[in-house]
Amino acid sequence: MVTRLYTHPIFLEHLTPPGHPERPDRLRAIERVLNDEAFNALDRVTAPQGDEATILYAHPEDFVARVRAAIPESGIASIDADTSASPKSWQAVVTAIGAANAAVDDVFEGSVANAFVAARPPGHHAEKTTAMGFCLFNTAAIAARYAQKKHGAERVAIVDWDVHHGNGTQDIFWDDPSVLYCSTHQMPLYPGTGAKSETGAGNIVNAPLAPQTGSDMFRDALLSRVLPALDNFAPDLIIISAGFDAHHRDPLAEINLSEDDFDWATGQLLERAGRHSGNRLVSLLEGGYDLQGLAFSVAAHVGRLMKG
């Protein structure tokens with residue numbers, strides 16, 4: 001059983017303004033590090049085009065139409081202050097969804113041990129009816145719903161360790177106890193959500209971290225809040241919203257993790273997937289804006305996925 005890597009050249013063609021942190025070079029840095037011989041055993045697959053109808057699993061039709069209409073024929077269009085779109089952005093985001101859903105198929109069909117989707121744009125800030133925070137559609141939320149509709153998953157857990165709170169994922173599943181959403185994130189920080197008191201239908205577990213927090217507090221948050229919630233929930237599938245911007249080199253936040261922390265956290269979630277989910281685990285790239293920190297962290301994460 002292998003770890004499958006999904007990516008596609010179209011993800012490089014989602015363009016952002018000069019100086020924007022969410023840039024194509026992020027995927028180039030990941031590609032370079034994963035070309036090391038240590039990753040020769042990765043099963044590398046070109047991401048398939050997604051079924052646009054699956055976007056409606058998490059977003060209403062009028063919102064989807066608005067996003068599509070905002071895609072420019074040339075240049076770069078602003079969706080909000082820090083979210084933009086270019087002519088190939090629609091194809092990129094639909095392919096990201098296709099990759100995530102294909103990874104869900106893979107783990108339910110037992111054809112791979114687990115999967116990592118190296119795609120952009122990210123998705124976890126996209127709310128039901130709002131594109132924001134570099135995100136157009138919520139890939140993780142769509143994949144969770146896809147697992148329920150296609151594979152009959154009764155309970156899906158999304159664990160989000162991006163340094164920014166996944167307000168979009170929380171918004172989409174706020175009153176849905178069939179999906180557990182757990183997040184570690186810096187607070188205060190964009191987008192301003194993610195307090196411990198935000199619990200939805202009892203299915204939202206936020207573990208905010210103070211600025212300058214390091215490994216000890218991050219690991220404690222997983223051990224004391226996230227992992228017990230996973231054990232109580234016993235999901236049929238674990239999806240990771242794998243942002244790597246809590247790395248100490250990242251310019252957008254003030255959490256001081258190292259790649260060893262992402263290795264450890266990956267191992268903890270693999271253990272829970274083995275315990276509860278028939279080893280079904282899919283990881284989706286979210287943030288991470290220092291190229292070296294991102295590359296080293298992804299290498300540690302994928303290396304740990306490959307160990308099983």
# chains A, B, ... in the order shown; residues from 1 in each chain; ligands from 1
call {"tool": "residues_around", "arguments": {"residues": "region 282-291 of chain A", "least_positions_apart": "6", "cutoff": "6 Å", "atoms": "only C-alpha atoms", "output": "list in words"}}
result
Pro21, Asn114, Ala115, Phe116, Val117, Ala118, Pro122, Ile239, Ile240, Ser241, Ala242, Gly243, Phe244, Asp245 and Asp250 of chain A
call {"tool": "write_last_selection", "arguments": {"atoms": "C-alpha atoms", "output": "PDB file, in the first residue's frame"}}
result
ATOM      1  CA  PRO A  21       2.036  35.184  -0.421  1.00  0.00           C
ATOM      2  CA  ASN A 114      -3.463   7.474   2.219  1.00  0.00           C
ATOM      3  CA  ALA A 115      -3.166  10.497  -0.056  1.00  0.00           C
ATOM      4  CA  PHE A 116      -1.778  14.024  -0.144  1.00  0.00           C
ATOM      5  CA  VAL A 117      -3.226  16.626  -2.510  1.00  0.00           C
ATOM      6  CA  ALA A 118      -0.770  19.386  -3.434  1.00  0.00           C
ATOM      7  CA  PRO A 122      -6.460  26.650  -0.702  1.00  0.00           C
ATOM      8  CA  ILE A 239      -9.385  14.756   6.290  1.00  0.00           C
ATOM      9  CA  ILE A 240      -6.449  16.995   7.184  1.00  0.00           C
ATOM     10  CA  SER A 241      -6.555  20.660   6.231  1.00  0.00           C
ATOM     11  CA  ALA A 242      -2.771  20.686   6.120  1.00  0.00           C
ATOM     12  CA  GLY A 243      -1.550  24.245   6.338  1.00  0.00           C
ATOM     13  CA  PHE A 244       2.119  24.683   7.193  1.00  0.00           C
ATOM     14  CA  ASP A 245       2.089  28.379   8.095  1.00  0.00           C
ATOM     15  CA  ASP A 250       6.343  31.741   8.105  1.00  0.00           C
TER      16      ASP A 250
END
call {"tool": "residues_around", "arguments": {"residues": "Val163 (chain A)", "least_positions_apart": "4", "cutoff": "12 Å", "atoms": "only C-alpha atoms", "output": "ChimeraX atom specification"}}
result
/A:124-125,167,183-192,194,207-214,218,241-248,250-257,286-289
call {"tool": "select_by_dssp", "arguments": {"residues": "region 94-251 of chain A", "states": "strand (DSSP E or B)", "output": "MDAnalysis selection string"}}
result
chainID A and resid 114:117 127 130 132 135 156:160 179:186 204:209 214 237:242 247
call {"tool": "write_last_selection", "arguments": {"atoms": "N, CA, C and O atoms", "output": "compact mmCIF listing (two decimals), in the first residue's frame"}}
result
# COMPACT_ATOMS: atom_id res chain seq x y z
N ASN A 114 -3.00 6.11 1.92
CA ASN A 114 -3.46 7.47 2.22
C ASN A 114 -3.07 8.35 1.04
O ASN A 114 -2.42 7.87 0.09
N ALA A 115 -3.44 9.63 1.09
CA ALA A 115 -3.17 10.50 -0.06
C ALA A 115 -2.92 11.92 0.40
O ALA A 115 -3.49 12.39 1.40
N PHE A 116 -2.05 12.60 -0.35
CA PHE A 116 -1.78 14.02 -0.14
C PHE A 116 -2.07 14.76 -1.44
O PHE A 116 -1.59 14.36 -2.51
N VAL A 117 -2.86 15.83 -1.35
CA VAL A 117 -3.23 16.63 -2.51
C VAL A 117 -2.49 17.96 -2.43
O VAL A 117 -2.75 18.78 -1.55
N GLU A 127 -16.45 30.26 3.03
CA GLU A 127 -17.70 29.96 3.72
C GLU A 127 -18.75 29.54 2.70
O GLU A 127 -18.51 29.53 1.49
N THR A 130 -19.32 32.88 0.78
CA THR A 130 -18.29 33.91 0.75
C THR A 130 -16.94 33.31 0.38
O THR A 130 -16.46 32.40 1.06
N MET A 132 -13.02 34.06 0.38
CA MET A 132 -12.19 34.96 1.17
C MET A 132 -10.90 34.25 1.57
O MET A 132 -10.77 33.04 1.41
N CYS A 135 -9.18 31.90 -0.71
CA CYS A 135 -9.94 30.69 -1.02
C CYS A 135 -11.21 31.01 -1.81
O CYS A 135 -11.94 31.96 -1.48
N VAL A 156 -17.47 12.08 9.34
CA VAL A 156 -16.19 12.54 8.76
C VAL A 156 -15.60 13.57 9.70
O VAL A 156 -16.29 14.48 10.17
N ALA A 157 -14.31 13.43 9.97
CA ALA A 157 -13.59 14.40 10.79
C ALA A 157 -12.63 15.20 9.93
O ALA A 157 -11.90 14.63 9.10
N ILE A 158 -12.63 16.51 10.12
CA ILE A 158 -11.67 17.39 9.46
C ILE A 158 -10.79 17.99 10.55
O ILE A 158 -11.28 18.66 11.46
N VAL A 159 -9.49 17.74 10.46
CA VAL A 159 -8.53 18.30 11.41
C VAL A 159 -7.70 19.34 10.67
O VAL A 159 -7.06 19.04 9.66
N ASP A 160 -7.73 20.56 11.17
CA ASP A 160 -7.15 21.72 10.49
C ASP A 160 -6.04 22.29 11.37
O ASP A 160 -6.31 22.87 12.42
N VAL A 179 -20.28 15.80 10.92
CA VAL A 179 -18.92 16.21 10.59
C VAL A 179 -18.30 16.87 11.82
O VAL A 179 -18.84 17.84 12.36
N LEU A 180 -17.17 16.35 12.25
CA LEU A 180 -16.40 16.94 13.34
C LEU A 180 -15.34 17.84 12.74
O LEU A 180 -14.59 17.43 11.84
N TYR A 181 -15.27 19.09 13.22
CA TYR A 181 -14.23 20.02 12.77
C TYR A 181 -13.37 20.40 13.96
O TYR A 181 -13.88 20.95 14.95
N CYS A 182 -12.08 20.11 13.89
CA CYS A 182 -11.12 20.43 14.94
C CYS A 182 -10.03 21.33 14.36
O CYS A 182 -9.48 21.01 13.30
N SER A 183 -9.71 22.41 15.07
CA SER A 183 -8.74 23.35 14.55
C SER A 183 -7.78 23.82 15.63
O SER A 183 -8.20 24.22 16.72
N THR A 184 -6.48 23.78 15.32
CA THR A 184 -5.48 24.52 16.07
C THR A 184 -5.08 25.72 15.23
O THR A 184 -4.91 25.60 14.01
N HIS A 185 -4.94 26.88 15.85
CA HIS A 185 -4.68 28.10 15.09
C HIS A 185 -4.23 29.20 16.04
O HIS A 185 -4.54 29.17 17.23
N GLN A 186 -3.52 30.17 15.50
CA GLN A 186 -3.14 31.33 16.31
C GLN A 186 -4.35 32.23 16.52
O GLN A 186 -5.16 32.42 15.62
N ILE A 204 -17.79 21.18 16.87
CA ILE A 204 -16.71 22.11 16.56
C ILE A 204 -15.77 22.14 17.77
O ILE A 204 -16.21 22.42 18.89
N VAL A 205 -14.49 21.86 17.55
CA VAL A 205 -13.50 21.85 18.62
C VAL A 205 -12.37 22.78 18.21
O VAL A 205 -11.55 22.45 17.34
N ASN A 206 -12.34 23.95 18.82
CA ASN A 206 -11.29 24.92 18.54
C ASN A 206 -10.25 24.91 19.65
O ASN A 206 -10.60 24.87 20.84
N ALA A 207 -8.99 24.94 19.25
CA ALA A 207 -7.88 24.97 20.21
C ALA A 207 -6.96 26.12 19.84
O ALA A 207 -5.91 25.92 19.23
N PRO A 208 -7.38 27.34 20.19
CA PRO A 208 -6.57 28.51 19.82
C PRO A 208 -5.25 28.55 20.56
O PRO A 208 -5.15 28.15 21.72
N LEU A 209 -4.22 29.05 19.89
CA LEU A 209 -2.87 29.16 20.43
C LEU A 209 -2.45 30.62 20.47
O LEU A 209 -2.69 31.37 19.51
N GLY A 214 4.91 27.57 20.93
CA GLY A 214 5.79 26.64 20.25
C GLY A 214 5.27 25.22 20.29
O GLY A 214 4.07 24.97 20.49
N LEU A 237 -13.68 8.60 8.23
CA LEU A 237 -12.65 9.20 7.37
C LEU A 237 -12.08 10.39 8.12
O LEU A 237 -12.82 11.15 8.74
N ILE A 238 -10.76 10.57 8.03
CA ILE A 238 -10.10 11.78 8.53
C ILE A 238 -9.56 12.56 7.35
O ILE A 238 -8.83 12.01 6.51
N ILE A 239 -9.94 13.82 7.28
CA ILE A 239 -9.38 14.76 6.29
C ILE A 239 -8.53 15.76 7.05
O ILE A 239 -8.98 16.33 8.05
N ILE A 240 -7.31 15.98 6.59
CA ILE A 240 -6.45 17.00 7.18
C ILE A 240 -6.47 18.23 6.30
O ILE A 240 -6.19 18.15 5.10
N SER A 241 -6.82 19.38 6.87
CA SER A 241 -6.55 20.66 6.23
C SER A 241 -5.14 21.04 6.64
O SER A 241 -4.90 21.61 7.70
N ALA A 242 -4.19 20.65 5.77
CA ALA A 242 -2.77 20.69 6.12
C ALA A 242 -2.14 22.00 5.68
O ALA A 242 -1.55 22.10 4.60
N HIS A 247 4.71 27.11 10.88
CA HIS A 247 6.16 26.94 10.93
C HIS A 247 6.82 28.25 11.37
O HIS A 247 6.37 29.34 11.02
call {"tool": "residues_around", "arguments": {"residues": "Leu136 (chain A)", "least_positions_apart": "3", "cutoff": "8 Å", "atoms": "only C-alpha atoms", "output": "PyMOL selection string"}}
result
chain A and resi 67+83+93+121-123+126+130-132
call {"tool": "select_by_dssp", "arguments": {"residues": "region 42-266 of chain A", "states": "helix (DSSP H, G or I)", "output": "MDAnalysis selection string"}}
result
chainID A and resid 52:57 61:70 89:109 139:151 167:172 215:233 259:266
call {"tool": "decode", "arguments": {"residues": "region 195-209 of chain A", "atoms": "all heavy atoms", "output": "mmCIF file, in the first residue's frame"}}
result
data_model
loop_
_atom_site.group_PDB
_atom_site.id
_atom_site.type_symbol
_atom_site.label_atom_id
_atom_site.label_comp_id
_atom_site.auth_asym_id
_atom_site.auth_seq_id
_atom_site.Cartn_x
_atom_site.Cartn_y
_atom_site.Cartn_z
ATOM 1 N N ALA A 195 -12.712 30.846 18.598
ATOM 2 C CA ALA A 195 -12.642 30.790 20.058
ATOM 3 C C ALA A 195 -13.096 29.421 20.558
ATOM 4 O O ALA A 195 -13.882 28.730 19.907
ATOM 5 C CB ALA A 195 -13.512 31.883 20.669
ATOM 6 N N LYS A 196 -12.630 29.045 21.739
ATOM 7 C CA LYS A 196 -13.045 27.775 22.322
ATOM 8 C C LYS A 196 -14.557 27.700 22.497
ATOM 9 O O LYS A 196 -15.149 26.617 22.444
ATOM 10 C CB LYS A 196 -12.371 27.562 23.673
ATOM 11 C CG LYS A 196 -10.914 27.157 23.601
ATOM 12 C CD LYS A 196 -10.385 26.866 25.000
ATOM 13 C CE LYS A 196 -8.932 26.429 24.962
ATOM 14 N NZ LYS A 196 -8.401 26.135 26.317
ATOM 15 N N SER A 197 -15.189 28.857 22.712
ATOM 16 C CA SER A 197 -16.631 28.896 22.953
ATOM 17 C C SER A 197 -17.446 28.608 21.693
ATOM 18 O O SER A 197 -18.660 28.399 21.774
ATOM 19 C CB SER A 197 -17.024 30.257 23.518
ATOM 20 O OG SER A 197 -16.666 31.298 22.614
ATOM 21 N N GLU A 198 -16.822 28.603 20.528
ATOM 22 C CA GLU A 198 -17.523 28.320 19.271
ATOM 23 C C GLU A 198 -17.566 26.806 19.091
ATOM 24 O O GLU A 198 -16.585 26.186 18.691
ATOM 25 C CB GLU A 198 -16.804 29.004 18.104
ATOM 26 C CG GLU A 198 -16.778 30.524 18.231
ATOM 27 C CD GLU A 198 -15.832 31.197 17.252
ATOM 28 O OE1 GLU A 198 -15.437 30.549 16.257
ATOM 29 O OE2 GLU A 198 -15.463 32.360 17.484
ATOM 30 N N THR A 199 -18.718 26.219 19.385
ATOM 31 C CA THR A 199 -18.809 24.753 19.417
ATOM 32 C C THR A 199 -19.873 24.185 18.474
ATOM 33 O O THR A 199 -20.028 22.961 18.402
ATOM 34 C CB THR A 199 -19.101 24.264 20.845
ATOM 35 O OG1 THR A 199 -20.316 24.867 21.306
ATOM 36 C CG2 THR A 199 -17.966 24.643 21.795
ATOM 37 N N GLY A 200 -20.613 25.036 17.762
ATOM 38 C CA GLY A 200 -21.605 24.544 16.810
ATOM 39 C C GLY A 200 -22.628 23.654 17.465
ATOM 40 O O GLY A 200 -23.204 23.993 18.512
ATOM 41 N N ALA A 201 -22.841 22.475 16.879
ATOM 42 C CA ALA A 201 -23.767 21.488 17.437
ATOM 43 C C ALA A 201 -23.016 20.485 18.304
ATOM 44 O O ALA A 201 -23.382 19.312 18.382
ATOM 45 C CB ALA A 201 -24.496 20.769 16.306
ATOM 46 N N GLY A 202 -21.956 20.972 18.954
ATOM 47 C CA GLY A 202 -21.088 20.097 19.720
ATOM 48 C C GLY A 202 -20.044 19.409 18.867
ATOM 49 O O GLY A 202 -19.284 18.569 19.364
ATOM 50 N N ASN A 203 -19.991 19.779 17.588
ATOM 51 C CA ASN A 203 -19.097 19.139 16.614
ATOM 52 C C ASN A 203 -17.920 20.023 16.215
ATOM 53 O O ASN A 203 -17.144 19.660 15.334
ATOM 54 C CB ASN A 203 -19.872 18.775 15.349
ATOM 55 C CG ASN A 203 -20.460 19.999 14.665
ATOM 56 O OD1 ASN A 203 -21.016 20.875 15.328
ATOM 57 N ND2 ASN A 203 -20.369 20.062 13.358
ATOM 58 N N ILE A 204 -17.794 21.182 16.867
ATOM 59 C CA ILE A 204 -16.706 22.111 16.564
ATOM 60 C C ILE A 204 -15.773 22.142 17.772
ATOM 61 O O ILE A 204 -16.207 22.422 18.889
ATOM 62 C CB ILE A 204 -17.221 23.526 16.274
ATOM 63 C CG1 ILE A 204 -18.290 23.513 15.162
ATOM 64 C CG2 ILE A 204 -16.069 24.457 15.937
ATOM 65 C CD1 ILE A 204 -17.803 23.086 13.809
ATOM 66 N N VAL A 205 -14.493 21.855 17.547
ATOM 67 C CA VAL A 205 -13.500 21.846 18.618
ATOM 68 C C VAL A 205 -12.367 22.780 18.215
ATOM 69 O O VAL A 205 -11.554 22.455 17.340
ATOM 70 C CB VAL A 205 -12.955 20.431 18.884
ATOM 71 C CG1 VAL A 205 -11.895 20.467 19.979
ATOM 72 C CG2 VAL A 205 -14.088 19.481 19.257
ATOM 73 N N ASN A 206 -12.339 23.954 18.821
ATOM 74 C CA ASN A 206 -11.291 24.920 18.541
ATOM 75 C C ASN A 206 -10.253 24.908 19.654
ATOM 76 O O ASN A 206 -10.605 24.873 20.841
ATOM 77 C CB ASN A 206 -11.888 26.325 18.398
ATOM 78 C CG ASN A 206 -12.637 26.494 17.092
ATOM 79 O OD1 ASN A 206 -12.121 26.160 16.031
ATOM 80 N ND2 ASN A 206 -13.865 27.002 17.161
ATOM 81 N N ALA A 207 -8.986 24.944 19.255
ATOM 82 C CA ALA A 207 -7.882 24.968 20.211
ATOM 83 C C ALA A 207 -6.956 26.122 19.844
ATOM 84 O O ALA A 207 -5.905 25.924 19.231
ATOM 85 C CB ALA A 207 -7.129 23.641 20.189
ATOM 86 N N PRO A 208 -7.377 27.344 20.186
ATOM 87 C CA PRO A 208 -6.571 28.508 19.816
ATOM 88 C C PRO A 208 -5.247 28.551 20.564
ATOM 89 O O PRO A 208 -5.155 28.150 21.723
ATOM 90 C CB PRO A 208 -7.472 29.689 20.189
ATOM 91 C CG PRO A 208 -8.407 29.155 21.224
ATOM 92 C CD PRO A 208 -8.623 27.724 20.879
ATOM 93 N N LEU A 209 -4.219 29.053 19.887
ATOM 94 C CA LEU A 209 -2.873 29.158 20.427
ATOM 95 C C LEU A 209 -2.453 30.621 20.469
ATOM 96 O O LEU A 209 -2.685 31.370 19.512
ATOM 97 C CB LEU A 209 -1.884 28.375 19.563
ATOM 98 C CG LEU A 209 -2.207 26.895 19.339
ATOM 99 C CD1 LEU A 209 -1.251 26.302 18.302
ATOM 100 C CD2 LEU A 209 -2.154 26.118 20.641
#
